[in-house]
>>> print(open('model.txt').read())   # compact mmCIF, C-alpha atoms
# COMPACT_ATOMS: atom_id res chain seq x y z
CA MET A 1 0.00 0.00 0.00
CA SER A 2 1.13 3.51 -0.78
CA GLU A 3 2.73 5.34 2.13
CA LYS A 4 0.42 8.22 1.31
CA ILE A 5 -2.64 6.20 2.34
CA VAL A 6 -3.61 6.10 6.01
CA THR A 7 -5.30 3.12 7.63
CA LEU A 8 -8.24 4.27 9.74
CA SER A 9 -10.01 2.53 12.60
CA ASP A 10 -12.89 3.20 14.97
CA ALA A 11 -10.31 4.50 17.43
CA THR A 12 -8.38 6.79 15.08
CA PHE A 13 -11.09 7.91 12.66
CA ASP A 14 -12.06 11.22 14.29
CA GLU A 15 -8.51 12.23 14.99
CA HIS A 16 -7.48 11.68 11.37
CA VAL A 17 -10.58 12.93 9.63
CA LYS A 18 -11.49 15.89 11.85
CA GLY A 19 -7.88 16.88 12.35
CA SER A 20 -6.92 16.88 8.67
CA ASP A 21 -5.96 20.11 6.89
CA VAL A 22 -6.92 18.63 3.55
CA PRO A 23 -10.09 16.73 2.49
CA VAL A 24 -10.05 13.05 3.37
CA LEU A 25 -11.49 10.44 1.03
CA VAL A 26 -12.41 7.41 3.12
CA ASP A 27 -12.68 4.02 1.43
CA PHE A 28 -15.04 1.67 3.29
CA TRP A 29 -13.90 -1.76 2.17
CA ALA A 30 -13.54 -5.43 3.10
CA GLU A 31 -11.32 -8.32 2.15
CA TRP A 32 -14.20 -10.30 0.61
CA CYS A 33 -15.44 -7.58 -1.74
CA GLY A 34 -14.45 -7.94 -5.41
CA PRO A 35 -15.24 -4.38 -6.50
CA CYS A 36 -13.22 -3.07 -3.51
CA LYS A 37 -10.19 -4.89 -4.89
CA MET A 38 -10.82 -3.32 -8.29
CA ILE A 39 -10.65 0.25 -7.01
CA SER A 40 -7.72 -0.33 -4.71
CA PRO A 41 -5.04 0.39 -7.36
CA VAL A 42 -7.03 3.42 -8.53
CA LEU A 43 -6.95 4.85 -5.00
CA GLU A 44 -3.21 4.19 -4.76
CA GLU A 45 -2.69 6.24 -7.91
CA ILE A 46 -4.91 9.06 -6.72
CA ALA A 47 -3.11 9.12 -3.35
CA GLU A 48 0.23 9.63 -5.11
CA GLU A 49 -1.03 12.16 -7.63
CA GLN A 50 -3.07 14.25 -5.20
CA ALA A 51 -0.60 14.13 -2.30
CA GLY A 52 -0.81 17.38 -0.33
CA LYS A 53 -4.28 18.15 -1.69
CA LEU A 54 -6.18 15.06 -0.65
CA GLN A 55 -5.67 12.39 1.99
CA ILE A 56 -6.93 8.88 1.28
CA GLY A 57 -7.91 6.71 4.23
CA LYS A 58 -8.97 3.08 4.25
CA LEU A 59 -11.42 1.72 6.78
CA ASN A 60 -11.94 -2.03 7.00
CA ILE A 61 -15.64 -2.41 7.79
CA ASP A 62 -15.24 -5.88 9.30
CA ASP A 63 -13.02 -4.51 12.03
CA ASN A 64 -14.61 -1.10 12.44
CA LEU A 65 -18.36 -1.39 12.79
CA GLU A 66 -18.83 1.76 14.83
CA VAL A 67 -17.73 4.18 12.10
CA THR A 68 -19.37 2.02 9.42
CA ARG A 69 -22.73 2.30 11.23
CA ARG A 70 -22.27 5.95 12.08
CA PHE A 71 -22.24 6.79 8.36
CA ASP A 72 -24.93 4.25 7.45
CA VAL A 73 -22.72 2.42 4.99
CA MET A 74 -24.85 -0.32 3.40
CA SER A 75 -22.88 -1.19 0.32
CA ILE A 76 -19.20 -1.46 -0.44
CA PRO A 77 -17.11 -0.05 -1.81
CA THR A 78 -18.44 3.25 -0.47
CA LEU A 79 -16.20 6.30 -0.67
CA ILE A 80 -17.05 9.32 1.46
CA LEU A 81 -15.23 12.61 1.04
CA PHE A 82 -14.86 14.53 4.31
CA LYS A 83 -14.02 18.22 4.32
CA ASP A 84 -13.34 19.88 7.68
CA GLY A 85 -14.51 16.64 9.24
CA GLU A 86 -17.95 16.73 7.58
CA PRO A 87 -19.11 14.27 4.92
CA GLU A 88 -19.52 16.16 1.66
CA VAL A 89 -20.00 13.55 -1.02
CA ARG A 90 -20.68 9.84 -1.05
CA LEU A 91 -19.81 7.53 -3.95
CA ILE A 92 -21.26 4.05 -3.95
CA GLY A 93 -19.85 1.20 -6.00
CA ALA A 94 -16.64 0.85 -7.96
CA LYS A 95 -16.09 3.59 -10.51
CA PRO A 96 -13.39 4.38 -13.07
CA LYS A 97 -10.64 6.75 -12.00
CA GLY A 98 -11.74 9.58 -14.29
CA GLN A 99 -15.25 9.53 -12.91
CA LEU A 100 -14.04 9.38 -9.31
CA LEU A 101 -11.81 12.40 -9.77
CA GLN A 102 -14.58 14.29 -11.51
CA GLU A 103 -17.05 13.70 -8.71
CA ILE A 104 -14.69 14.94 -6.01
CA ALA A 105 -13.01 17.69 -8.07
CA GLN A 106 -15.06 20.58 -6.67
CA TYR A 107 -13.99 19.75 -3.11
CA LEU A 108 -10.25 19.72 -3.75
CA MET B 109 1.37 6.72 -34.54
CA THR B 110 -1.35 4.25 -33.77
CA GLU B 111 -0.15 1.08 -32.12
CA ARG B 112 -0.68 -2.10 -34.15
CA ARG B 113 -1.38 -5.47 -32.48
CA LYS B 114 -1.94 -8.93 -33.88
CA VAL B 115 -4.70 -9.66 -31.39
CA VAL B 116 -6.78 -7.30 -29.29
CA ILE B 117 -9.19 -8.77 -26.77
CA VAL B 118 -12.02 -6.60 -25.47
CA GLY B 119 -13.13 -7.75 -22.03
CA SER B 120 -11.50 -9.72 -19.22
CA GLY B 121 -13.94 -12.22 -17.77
CA PRO B 122 -13.28 -15.96 -18.09
CA ALA B 123 -13.69 -15.73 -21.90
CA GLY B 124 -11.36 -12.79 -22.45
CA LEU B 125 -8.67 -14.06 -20.09
CA THR B 126 -8.75 -17.60 -21.47
CA ALA B 127 -8.43 -16.15 -24.98
CA ALA B 128 -5.49 -14.13 -23.64
CA ILE B 129 -3.78 -17.19 -22.16
CA TYR B 130 -4.07 -19.11 -25.43
CA ALA B 131 -3.14 -16.18 -27.67
CA ALA B 132 -0.15 -15.35 -25.47
CA ARG B 133 1.07 -18.94 -25.56
CA ALA B 134 0.75 -18.81 -29.36
CA GLN B 135 3.20 -15.85 -29.29
CA LEU B 136 0.56 -13.44 -30.53
CA GLU B 137 1.32 -10.89 -27.76
CA PRO B 138 -2.35 -10.09 -27.14
CA LEU B 139 -3.50 -6.79 -25.70
CA VAL B 140 -6.44 -7.16 -23.35
CA ILE B 141 -8.49 -4.02 -22.84
CA GLU B 142 -9.99 -5.19 -19.62
CA GLY B 143 -12.56 -2.54 -18.73
CA GLU B 144 -12.69 -0.14 -15.81
CA PRO B 145 -13.88 -0.54 -12.22
CA SER B 146 -17.65 -0.71 -11.90
CA SER B 147 -20.15 -2.50 -9.72
CA ASN B 148 -22.58 -3.57 -12.41
CA SER B 149 -20.81 -6.35 -14.26
CA ASP B 150 -18.95 -4.46 -16.99
CA GLN B 151 -15.67 -4.44 -15.08
CA PRO B 152 -12.23 -6.06 -15.13
CA GLY B 153 -12.76 -9.72 -14.26
CA GLY B 154 -16.38 -9.70 -15.38
CA GLN B 155 -19.43 -10.90 -13.54
CA LEU B 156 -17.51 -13.28 -11.28
CA MET B 157 -16.08 -10.24 -9.52
CA LEU B 158 -19.54 -9.73 -8.04
CA THR B 159 -20.18 -13.31 -7.00
CA THR B 160 -19.44 -15.36 -3.95
CA GLU B 161 -18.28 -18.89 -3.99
CA VAL B 162 -17.97 -20.70 -7.33
CA GLU B 163 -18.55 -24.38 -6.69
CA ASN B 164 -18.85 -25.74 -10.21
CA TYR B 165 -15.60 -24.57 -11.81
CA PRO B 166 -13.60 -27.75 -12.45
CA GLY B 167 -10.33 -28.04 -10.61
CA PHE B 168 -11.48 -26.42 -7.36
CA VAL B 169 -12.68 -29.26 -5.21
CA ASP B 170 -13.62 -26.99 -2.31
CA GLY B 171 -14.90 -24.14 -4.47
CA VAL B 172 -13.23 -20.81 -5.02
CA MET B 173 -14.32 -17.21 -4.55
CA GLY B 174 -15.22 -15.51 -7.85
CA PRO B 175 -12.79 -12.59 -7.47
CA GLU B 176 -10.02 -14.99 -6.46
CA LEU B 177 -10.58 -17.17 -9.52
CA MET B 178 -10.39 -14.12 -11.76
CA GLY B 179 -7.19 -12.99 -10.07
CA ILE B 180 -5.65 -16.37 -10.81
CA MET B 181 -6.71 -16.28 -14.48
CA ARG B 182 -5.37 -12.74 -14.82
CA ASN B 183 -1.97 -13.72 -13.44
CA GLN B 184 -1.91 -16.75 -15.71
CA ALA B 185 -2.50 -14.54 -18.77
CA ILE B 186 0.21 -12.11 -17.64
CA ARG B 187 2.64 -14.96 -17.02
CA PHE B 188 2.54 -15.87 -20.71
CA GLY B 189 3.00 -12.31 -21.87
CA ALA B 190 -0.49 -10.92 -22.34
CA GLU B 191 -0.66 -7.19 -21.78
CA LEU B 192 -3.64 -5.97 -19.76
CA ARG B 193 -4.79 -2.40 -19.93
CA THR B 194 -7.32 -1.08 -17.41
CA ALA B 195 -9.41 0.97 -19.80
CA LYS B 196 -12.70 0.82 -21.59
CA VAL B 197 -13.10 0.54 -25.34
CA SER B 198 -15.24 3.47 -26.40
CA ARG B 199 -15.56 2.68 -30.12
CA LEU B 200 -14.78 0.00 -32.68
CA ASP B 201 -14.87 0.44 -36.43
CA LEU B 202 -15.57 -2.81 -38.25
CA SER B 203 -16.66 -1.23 -41.54
CA SER B 204 -13.39 -1.91 -43.39
CA PRO B 205 -11.42 -5.15 -43.49
CA SER B 206 -8.68 -5.86 -40.92
CA PRO B 207 -6.84 -4.13 -39.27
CA PHE B 208 -9.68 -2.85 -37.10
CA PRO B 209 -9.36 0.51 -35.39
CA VAL B 210 -10.08 0.47 -31.64
CA TRP B 211 -10.64 3.61 -29.57
CA VAL B 212 -10.05 3.91 -25.85
CA GLY B 213 -11.13 7.14 -24.18
CA ASP B 214 -12.44 9.82 -26.55
CA PRO B 215 -14.46 7.97 -29.22
CA GLU B 216 -14.31 11.00 -31.50
CA ALA B 217 -10.51 11.18 -31.57
CA ASP B 218 -9.12 11.31 -35.12
CA GLU B 219 -6.64 8.54 -34.52
CA PRO B 220 -7.68 5.24 -32.92
CA THR B 221 -5.72 4.06 -29.88
CA VAL B 222 -4.77 0.75 -31.39
CA GLU B 223 -5.33 -1.26 -34.58
CA ALA B 224 -6.03 -4.96 -34.35
CA ASP B 225 -5.34 -7.54 -37.04
CA ALA B 226 -7.69 -9.91 -35.26
CA LEU B 227 -10.25 -8.73 -32.75
CA ILE B 228 -11.82 -10.83 -30.01
CA ILE B 229 -15.04 -9.52 -28.48
CA ALA B 230 -15.47 -10.79 -24.92
CA THR B 231 -17.50 -7.99 -23.38
CA GLY B 232 -19.86 -10.26 -21.46
CA ALA B 233 -23.26 -9.44 -20.07
CA ARG B 234 -24.62 -7.29 -17.29
CA SER B 235 -27.32 -7.68 -14.67
CA LEU B 236 -30.76 -6.49 -15.57
CA MET B 237 -32.44 -4.14 -13.12
CA LEU B 238 -36.15 -4.19 -12.32
CA GLY B 239 -36.75 -0.73 -13.73
CA CYS B 240 -39.24 0.29 -11.03
CA PRO B 241 -39.41 3.96 -9.97
CA ASN B 242 -37.24 4.13 -6.84
CA GLU B 243 -34.83 1.32 -7.54
CA GLU B 244 -31.99 3.45 -8.84
CA ARG B 245 -32.37 6.13 -6.16
CA LEU B 246 -32.01 3.49 -3.44
CA LEU B 247 -29.17 1.58 -5.07
CA GLY B 248 -26.53 1.30 -2.36
CA TYR B 249 -29.08 2.20 0.31
CA GLY B 250 -30.63 -1.24 0.54
CA VAL B 251 -30.99 -2.07 -3.15
CA SER B 252 -28.06 -4.17 -4.30
CA THR B 253 -26.90 -6.26 -7.23
CA CYS B 254 -24.00 -7.78 -5.29
CA ALA B 255 -24.76 -10.10 -2.38
CA THR B 256 -21.09 -10.65 -1.59
CA CYS B 257 -20.49 -6.93 -1.36
CA ASP B 258 -23.51 -6.02 0.68
CA GLY B 259 -24.87 -9.08 2.50
CA PHE B 260 -22.81 -8.20 5.54
CA PHE B 261 -24.91 -5.10 6.20
CA PHE B 262 -28.12 -7.06 6.65
CA ARG B 263 -27.30 -9.03 9.75
CA GLU B 264 -30.57 -10.18 11.36
CA HIS B 265 -32.63 -8.28 8.77
CA HIS B 266 -35.47 -9.52 6.58
CA ILE B 267 -34.46 -9.09 2.96
CA ALA B 268 -35.87 -9.90 -0.47
CA VAL B 269 -34.24 -11.42 -3.54
CA ALA B 270 -35.81 -10.88 -6.96
CA GLY B 271 -35.37 -13.68 -9.48
CA GLY B 272 -35.72 -17.41 -9.97
CA GLY B 273 -32.52 -18.60 -11.62
CA ASP B 274 -29.29 -20.00 -10.22
CA SER B 275 -27.90 -16.54 -9.50
CA ALA B 276 -30.97 -15.59 -7.48
CA LEU B 277 -30.84 -18.76 -5.39
CA GLU B 278 -27.08 -18.49 -4.91
CA GLU B 279 -27.59 -14.98 -3.58
CA ALA B 280 -30.51 -16.06 -1.39
CA LEU B 281 -28.50 -18.93 0.10
CA PHE B 282 -25.46 -16.74 0.66
CA LEU B 283 -27.61 -14.08 2.31
CA THR B 284 -29.02 -16.54 4.85
CA ARG B 285 -25.60 -16.33 6.53
CA PHE B 286 -26.54 -12.83 7.60
CA ALA B 287 -30.26 -12.28 7.26
CA SER B 288 -32.94 -13.51 9.65
CA LYS B 289 -35.20 -14.22 6.69
CA VAL B 290 -34.86 -14.13 2.90
CA THR B 291 -37.94 -13.88 0.69
CA VAL B 292 -37.37 -14.91 -2.92
CA ILE B 293 -39.79 -13.17 -5.24
CA HIS B 294 -40.33 -14.86 -8.56
CA ARG B 295 -42.70 -13.93 -11.34
CA ARG B 296 -43.55 -17.53 -12.21
CA SER B 297 -44.76 -20.49 -10.18
CA GLU B 298 -41.61 -22.52 -10.73
CA LEU B 299 -37.90 -21.81 -10.73
CA ARG B 300 -35.42 -21.79 -13.61
CA ALA B 301 -32.59 -22.69 -11.25
CA SER B 302 -30.76 -26.02 -11.29
CA LYS B 303 -32.20 -28.87 -9.21
CA ILE B 304 -29.36 -28.86 -6.70
CA MET B 305 -29.83 -25.16 -6.00
CA GLN B 306 -33.60 -25.55 -5.74
CA GLU B 307 -33.23 -28.39 -3.29
CA ARG B 308 -30.85 -26.39 -1.11
CA ALA B 309 -33.10 -23.36 -1.16
CA PHE B 310 -36.27 -25.35 -0.35
CA LYS B 311 -34.48 -27.01 2.55
CA ASN B 312 -33.21 -23.76 4.05
CA PRO B 313 -35.53 -22.66 6.87
CA LYS B 314 -34.64 -19.00 6.42
CA ILE B 315 -35.78 -18.90 2.78
CA GLU B 316 -39.40 -18.43 1.76
CA PHE B 317 -40.87 -17.98 -1.70
CA LEU B 318 -43.43 -15.62 -3.12
CA TRP B 319 -44.62 -17.11 -6.40
CA ASP B 320 -46.24 -15.36 -9.36
CA SER B 321 -45.17 -12.07 -7.91
CA VAL B 322 -43.42 -9.00 -9.27
CA ILE B 323 -41.88 -6.04 -7.50
CA VAL B 324 -43.54 -2.85 -8.64
CA ASP B 325 -41.70 -0.37 -6.42
CA VAL B 326 -39.07 0.04 -3.74
CA LEU B 327 -40.12 2.03 -0.69
CA GLY B 328 -38.02 4.16 1.59
CA ASP B 329 -36.89 7.73 2.11
CA THR B 330 -33.16 7.55 2.72
CA LYS B 331 -32.93 3.77 2.79
CA VAL B 332 -35.09 0.83 1.87
CA SER B 333 -37.99 0.24 4.25
CA GLY B 334 -40.01 -2.14 2.10
CA ILE B 335 -41.08 -3.16 -1.37
CA LYS B 336 -44.41 -3.10 -3.12
CA VAL B 337 -45.27 -6.49 -4.58
CA LYS B 338 -47.97 -7.39 -7.06
CA HIS B 339 -49.37 -10.88 -7.30
CA THR B 340 -49.74 -11.44 -11.03
CA LYS B 341 -52.69 -13.82 -10.88
CA SER B 342 -54.91 -11.94 -8.44
CA ALA B 343 -53.52 -8.48 -9.37
CA GLU B 344 -53.46 -7.67 -5.66
CA THR B 345 -50.64 -5.49 -4.38
CA PHE B 346 -49.19 -5.49 -0.92
CA GLU B 347 -46.15 -4.18 0.92
CA LEU B 348 -43.39 -6.36 2.25
CA PRO B 349 -41.38 -4.71 5.04
CA VAL B 350 -37.81 -5.60 4.05
CA THR B 351 -34.67 -3.52 4.54
CA GLY B 352 -32.79 -4.94 1.60
CA LEU B 353 -33.54 -5.94 -1.99
CA PHE B 354 -31.10 -7.98 -4.04
CA VAL B 355 -31.80 -8.04 -7.76
CA ALA B 356 -30.87 -11.15 -9.78
CA ILE B 357 -33.45 -11.32 -12.54
CA GLY B 358 -31.20 -12.06 -15.49
CA HIS B 359 -28.75 -10.50 -17.88
CA GLU B 360 -28.39 -8.54 -21.08
CA PRO B 361 -25.36 -8.72 -23.39
CA ASN B 362 -22.82 -5.90 -23.53
CA SER B 363 -23.08 -5.68 -27.32
CA ALA B 364 -23.54 -1.93 -27.77
CA LEU B 365 -19.99 -1.52 -29.17
CA VAL B 366 -20.69 -3.85 -32.08
CA LYS B 367 -24.40 -3.15 -32.63
CA GLY B 368 -25.01 -2.34 -36.28
CA GLN B 369 -21.55 -3.69 -37.17
CA LEU B 370 -21.85 -7.41 -36.40
CA ASP B 371 -24.88 -9.61 -36.93
CA LEU B 372 -26.73 -9.92 -33.64
CA GLU B 373 -29.43 -12.31 -32.53
CA GLU B 374 -32.86 -10.81 -31.95
CA ASN B 375 -32.14 -10.64 -28.22
CA GLY B 376 -28.97 -8.61 -28.80
CA TYR B 377 -26.39 -11.38 -28.41
CA VAL B 378 -23.60 -11.56 -31.02
CA ARG B 379 -24.22 -14.23 -33.64
CA THR B 380 -21.38 -16.69 -34.16
CA ILE B 381 -21.05 -19.00 -37.14
CA GLY B 382 -21.55 -22.74 -36.71
CA ARG B 383 -19.32 -24.34 -34.11
CA SER B 384 -16.87 -21.48 -34.12
CA SER B 385 -16.30 -18.08 -32.61
CA ARG B 386 -16.34 -16.39 -36.03
CA THR B 387 -18.74 -13.49 -36.48
CA SER B 388 -20.24 -11.87 -39.56
CA VAL B 389 -17.04 -9.83 -40.02
CA ASP B 390 -13.91 -11.65 -41.17
CA GLY B 391 -11.22 -11.41 -38.47
CA VAL B 392 -13.63 -10.55 -35.64
CA PHE B 393 -14.33 -13.31 -33.14
CA ALA B 394 -16.74 -13.41 -30.20
CA CYS B 395 -16.71 -15.50 -27.04
CA GLY B 396 -18.29 -15.70 -23.62
CA ASP B 397 -21.60 -14.30 -22.48
CA VAL B 398 -21.82 -11.64 -25.18
CA GLN B 399 -22.57 -14.46 -27.64
CA ASP B 400 -24.13 -17.08 -25.33
CA HIS B 401 -27.60 -16.76 -23.90
CA ILE B 402 -28.01 -20.48 -23.30
CA TYR B 403 -25.21 -21.83 -21.09
CA ARG B 404 -23.71 -18.66 -19.54
CA GLN B 405 -21.33 -20.48 -17.21
CA ALA B 406 -17.79 -19.48 -16.28
CA ILE B 407 -16.54 -22.74 -17.75
CA THR B 408 -18.40 -22.48 -21.07
CA SER B 409 -17.27 -18.91 -21.26
CA ALA B 410 -13.65 -19.92 -20.70
CA GLY B 411 -14.07 -22.72 -23.28
CA SER B 412 -15.36 -20.32 -25.89
CA GLY B 413 -12.50 -17.94 -25.12
CA CYS B 414 -10.09 -20.74 -25.95
CA MET B 415 -11.96 -21.33 -29.22
CA ALA B 416 -11.73 -17.64 -30.13
CA ALA B 417 -7.96 -17.58 -29.57
CA ILE B 418 -7.46 -20.69 -31.69
CA ASP B 419 -9.79 -19.38 -34.41
CA ALA B 420 -7.90 -16.08 -34.43
CA GLU B 421 -4.56 -17.86 -34.58
CA HIS B 422 -5.68 -19.97 -37.57
CA TRP B 423 -7.15 -16.96 -39.27
CA LEU B 424 -3.89 -15.02 -38.89
CA GLU B 425 -1.90 -18.01 -40.17
CA GLU B 426 -4.10 -18.31 -43.24
CA ARG B 427 -3.48 -14.66 -44.01
CA GLY B 428 0.24 -15.45 -43.84
CA GLU B 429 0.94 -13.47 -40.67
>>> encode(input="model.txt", output="structure tokens")
Amino acid sequence: MSEKIVTLSDATFDEHVKGSDVPVLVDFWAEWCGPCKMISPVLEEIAEEQAGKLQIGKLNIDDNLEVTRRFDVMSIPTLILFKDGEPEVRLIGAKPKGQLLQEIAQYL
Amino acid sequence: MTERRKVVIVGSGPAGLTAAIYAARAQLEPLVIEGEPSSNSDQPGGQLMLTTEVENYPGFVDGVMGPELMGIMRNQAIRFGAELRTAKVSRLDLSSPSPFPVWVGDPEADEPTVEADALIIATGARSLMLGCPNEERLLGYGVSTCATCDGFFFREHHIAVAGGGDSALEEALFLTRFASKVTVIHRRSELRASKIMQERAFKNPKIEFLWDSVIVDVLGDTKVSGIKVKHTKSAETFELPVTGLFVAIGHEPNSALVKGQLDLEENGYVRTIGRSSRTSVDGVFACGDVQDHIYRQAITSAGSGCMAAIDAEHWLEERGE
């Protein structure tokens, strides 16, 4: 995994997401989810390319039910973009890189 | 200058990747344009990326997870020198004889991205949706086409599965791991699914069936709170209070790229000639679910991918290439 991606947990979520100077794109994922695997390399690329402008965080839903429930995640992959700690946009399902970037562009 | 390849394969499910393995081993250096991430079965790895356990693929005595199987096939294709590109073909031009121009990205670009001497179409099929008013709005909020992705979120919930084929029963059975109750809603009074799947579903105490019934709407404000069901014989409608709806009512072929360019069957599937993968255009071959509305199995798909690679190889040899 790219060094630019941060692994989030129930315990560290608020600290990372609320304390971030840049928007945080959180990937709600699990080991058993095929489409999550598909977008993983896309997120790695975005993390490298947008370093300094966007933080990417990964939250394993199996291990972190509290945050998963708090944001009513009911389908994975779900990506939620947080700005100043608040959820701004939610993307459900695997999407191509171009489309992902387009949908979050206005928040960067 | 536009890149020129002996073989270009469009799609990367079992058909596309098997074609890639065979073409690579025949030293044809195939380029596989594998698609882009998506959650509705038009993605790298194909429909198996959205499935759970595959129990009927020969060679896996204990079964294998769909995404894992596709990862293995992908690595096998790469091992023999196939090149995989994570991109979507936006346009094909089959109006002139080979080489065939292939566009990735902007379909209006003057120059195609690559030209293919032989072209293998392995674009597969996608899940059909119900088409009722609130289905799309609630997709991801209780409506799902991927039991493996979303079953987890319905622990101890009552959920519904639409459909009556193997996929529907596989999803229903998988979902009983999480759900307190699974109602299978089928528009006929008997199932299309295989006997073994029917038997398992009938035996499972968490699964119940609603026969001769269709879903006319999905209810819920911010997430699914129920579905409206119509009994087709009595025409009565009623509401079923479920929190999840999994749709598995069948498939349609991804043949839009070749529509109007290759002969298609009436139902939109690509027509192949005799016992081959040849299509109505010389040098264009089709394999997998885009040309098969009868068997539609991972193994038949892989088998037809092998045929397409061998047909393409022979065709190139006959042309003296």
>>> closest_residue(input="model.txt", among="A:Asp72, A:Glu44, A:Asp27, A:Asp63", to="chain B", atoms="all atoms listed in the file")
A:Asp72
>>> residues_around(input="model.txt", residues="A:Glu86", least_positions_apart="4", cutoff="9 Å", atoms="all atoms listed in the file", output="NGL selection string")
:A and (17-18 or 81-82)
>>> closest_residue(input="model.txt", among="B:Arg296, B:His266, B:Arg199, B:Lys331", to="chain A", atoms="all atoms listed in the file")
B:Lys331
>>> closest_residue(input="model.txt", among="B:Val140, B:Met157, B:Val269, B:Val116", to="B:Pro207", atoms="all atoms listed in the file")
B:Val116
>>> residues_near_point(input="model.txt", point="(-6.5, -0.8, -3.1)", cutoff="10 Å", atoms="only C-alpha atoms", output="PDB file with C-alpha atoms, in the coordinates of the input")
ATOM      1  CA  MET A   1       0.000   0.000   0.000  1.00  0.00           C
ATOM      2  CA  SER A   2       1.130   3.510  -0.780  1.00  0.00           C
ATOM      3  CA  ILE A   5      -2.640   6.200   2.340  1.00  0.00           C
ATOM      4  CA  ASP A  27     -12.680   4.020   1.430  1.00  0.00           C
ATOM      5  CA  TRP A  29     -13.900  -1.760   2.170  1.00  0.00           C
ATOM      6  CA  CYS A  36     -13.220  -3.070  -3.510  1.00  0.00           C
ATOM      7  CA  LYS A  37     -10.190  -4.890  -4.890  1.00  0.00           C
ATOM      8  CA  MET A  38     -10.820  -3.320  -8.290  1.00  0.00           C
ATOM      9  CA  ILE A  39     -10.650   0.250  -7.010  1.00  0.00           C
ATOM     10  CA  SER A  40      -7.720  -0.330  -4.710  1.00  0.00           C
ATOM     11  CA  PRO A  41      -5.040   0.390  -7.360  1.00  0.00           C
ATOM     12  CA  VAL A  42      -7.030   3.420  -8.530  1.00  0.00           C
ATOM     13  CA  LEU A  43      -6.950   4.850  -5.000  1.00  0.00           C
ATOM     14  CA  GLU A  44      -3.210   4.190  -4.760  1.00  0.00           C
ATOM     15  CA  GLU A  45      -2.690   6.240  -7.910  1.00  0.00           C
ATOM     16  CA  LYS A  58      -8.970   3.080   4.250  1.00  0.00           C
TER      17      LYS A  58
END
>>> interface_residues(input="model.txt", of="chain B", to="chain A", cutoff="12 Å", atoms="all atoms listed in the file", output="ChimeraX atom specification")
/B:142-161,172-179,194-196,213,244-263,330-332,351-354
>>> atom_distance(input="model.txt", atom1="atom CA of A:Leu25", atom2="atom CA of A:Arg90")
9.4 Å
>>> residues_around(input="model.txt", residues="stretch 400-413 of chain B", least_positions_apart="6", cutoff="6 Å", atoms="all atoms listed in the file", output="list in words")
Pro122, Ala123, Gly124, Thr126 and Ala127 of chain B
>>> atom_distance(input="model.txt", atom1="atom CA of A:Asn60", atom2="atom CA of A:Thr7")
8.4 Å
